[in-house]
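The file run13.csv comes next; it holds CSV, C-alpha atoms.
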chain,number,residue,atom,x,y,z
A,1,MET,CA,18.1,-2.1,8.3
A,2,SER,CA,15.0,-3.0,6.3
A,3,ALA,CA,12.6,-0.4,5.0
A,4,MET,CA,9.8,-2.1,7.0
A,5,PRO,CA,10.2,0.0,10.2
A,6,SER,CA,10.1,3.3,8.3
A,7,ALA,CA,7.1,2.2,6.3
A,8,LEU,CA,5.3,1.2,9.5
A,9,GLN,CA,6.2,4.6,11.0
A,10,GLU,CA,4.9,6.4,8.0
A,11,LEU,CA,1.7,4.3,8.1
A,12,VAL,CA,1.1,5.0,11.8
A,13,GLY,CA,1.9,8.7,11.4
A,14,ARG,CA,-0.3,9.2,8.4
A,15,SER,CA,-3.2,7.3,10.0
A,16,LEU,CA,-3.0,9.5,13.0
A,17,ILE,CA,-3.1,12.8,11.1
A,18,ASP,CA,-5.1,12.0,7.9
A,19,ALA,CA,-8.7,11.2,8.8
A,20,ASP,CA,-9.7,10.2,5.2
A,21,PHE,CA,-6.7,7.8,5.0
A,22,ARG,CA,-7.6,6.4,8.4
A,23,LYS,CA,-11.2,5.8,7.4
A,24,SER,CA,-10.1,4.1,4.1
A,25,LEU,CA,-7.5,2.0,6.0
A,26,MET,CA,-10.2,0.8,8.5
A,27,SER,CA,-12.7,0.0,5.8
A,28,ASP,CA,-10.4,-1.7,3.3
A,29,THR,CA,-7.0,-2.3,4.7
A,30,ARG,CA,-5.7,-4.6,1.9
A,31,GLY,CA,-7.0,-2.3,-0.8
A,32,THR,CA,-5.8,1.0,0.7
A,33,LEU,CA,-2.3,0.0,1.5
A,34,PRO,CA,-1.1,-0.9,-2.0
A,35,ARG,CA,-3.1,1.9,-3.5
A,36,GLU,CA,-1.3,4.4,-1.2
A,37,GLY,CA,2.2,2.8,-2.0
A,38,PHE,CA,2.6,0.6,1.1
A,39,GLU,CA,3.9,-2.9,0.7
A,40,PHE,CA,4.0,-5.3,3.7
A,41,ASP,CA,4.5,-9.1,4.1
A,42,GLU,CA,1.5,-11.2,5.0
A,43,SER,CA,2.1,-11.3,8.7
A,44,THR,CA,2.4,-7.5,8.9
A,45,LEU,CA,-0.8,-7.1,6.8
A,46,ALA,CA,-2.6,-9.4,9.2
A,47,ALA,CA,-1.3,-7.4,12.2
A,48,ILE,CA,-2.4,-4.1,10.6
A,49,GLU,CA,-5.9,-5.5,9.9
A,50,MET,CA,-6.2,-6.7,13.6
A,51,ALA,CA,-5.2,-3.2,14.7
A,52,THR,CA,-7.8,-1.5,12.6
A,53,ARG,CA,-10.8,-3.7,13.3
A,54,ASP,CA,-12.0,-1.5,16.1
A,55,PRO,CA,-12.8,1.9,14.5
A,56,GLU,CA,-13.7,3.5,17.9
A,57,ARG,CA,-10.4,2.5,19.4
A,58,VAL,CA,-8.4,3.9,16.4
A,59,ARG,CA,-10.4,7.1,16.4
A,60,SER,CA,-10.0,7.7,20.1
A,61,PHE,CA,-6.3,7.1,19.9
A,62,SER,CA,-6.0,9.6,17.1
A,63,ASP,CA,-8.1,12.1,19.0
A,64,ALA,CA,-5.9,11.7,22.1
A,65,PHE,CA,-2.8,12.2,19.9
A,66,TRP,CA,-4.2,15.4,18.5
A,67,ALA,CA,-5.3,16.7,21.9
A,68,GLU,CA,-1.8,16.1,23.3
A,69,LEU,CA,-0.1,17.9,20.4
A,70,LEU,CA,-2.6,20.8,20.4
A,71,GLY,CA,-2.4,21.0,24.2
A,72,ARG,CA,1.3,21.5,24.0
A,73,GLY,CA,1.0,24.0,21.2
A,74,GLU,CA,3.5,22.0,19.1
A,75,TYR,CA,1.3,21.7,16.0
A,76,LEU,CA,-0.8,24.3,14.3
A,77,VAL,CA,-3.7,23.2,12.2
So, in terms of structure tokens, how does the structure I just supplied come out?
Amino acid sequence: MSAMPSALQELVGRSLIDADFRKSLMSDTRGTLPREGFEFDESTLAAIEMATRDPERVRSFSDAFWAELLGRGEYLV
């Protein structure tokens, strides 16, 4: 199994819980990823850029994620 799936999982997880990383990722995807130790092929980079083009969509997804976790009491901030 390649390292790609675990790197994508780490990227998604971090972008959900780390607001500063998420902002950096949305404003400069191609600069942020290598700076933070992520390496992806061109097609994956293009897909990540597409997914981060709508900041409101990304923020609302993150907010919903946190609301669900906090609502369950499964994560303490």
Do you know which residues are at most 12 Å from A:Ser24 counting all atoms listed in the file, after dropping those on the same chain fewer than 6 positions away, and could you put them as a VMD selection string?
-> chain A and resid 14 to 15 18 30 to 36 49 52 55
For A:Phe38, list every protein, DNA or RNA residue within 12 Å, evaluated using only C-alpha atoms, and leave out those in the same chain fewer than 5 positions away; present the list as JSON, numbers by chain.
-> {"A": [3, 4, 5, 6, 7, 8, 9, 10, 11, 12, 14, 25, 29, 30, 31, 32, 33, 44, 45, 48]}
Given the choices A:Ala51, A:Ile17, A:Met26, A:Ala46, which gets closest to A:Ala64 if the distance is worked out from only C-alpha atoms?
-> A:Ile17
Pick from A:Arg22, A:Ser27, A:Leu16, A:Ala47: nearest to A:Ala67, with all atoms listed in the file counted?
->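 Comparing A:Arg22, A:Ser27, A:Leu16, A:Ala47 against A:Ala67, the winner is A:Leu16.
Here atom CA of A:Phe21 is placed at a distance of 12.2 Å from atom CA of A:Val58.
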Distance atom CA of A:Ser62-atom CA of A:Met50, one decimal place?
->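 Going from atom CA of A:Ser62 over to atom CA of A:Met50 covers 16.7 Å.
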How far is it from atom CA of A:Asp54 to atom CA of A:Asp28, in Å with one decimal?
->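 Interatomic distance, atom CA of A:Asp54 to atom CA of A:Asp28: 12.9 Å.
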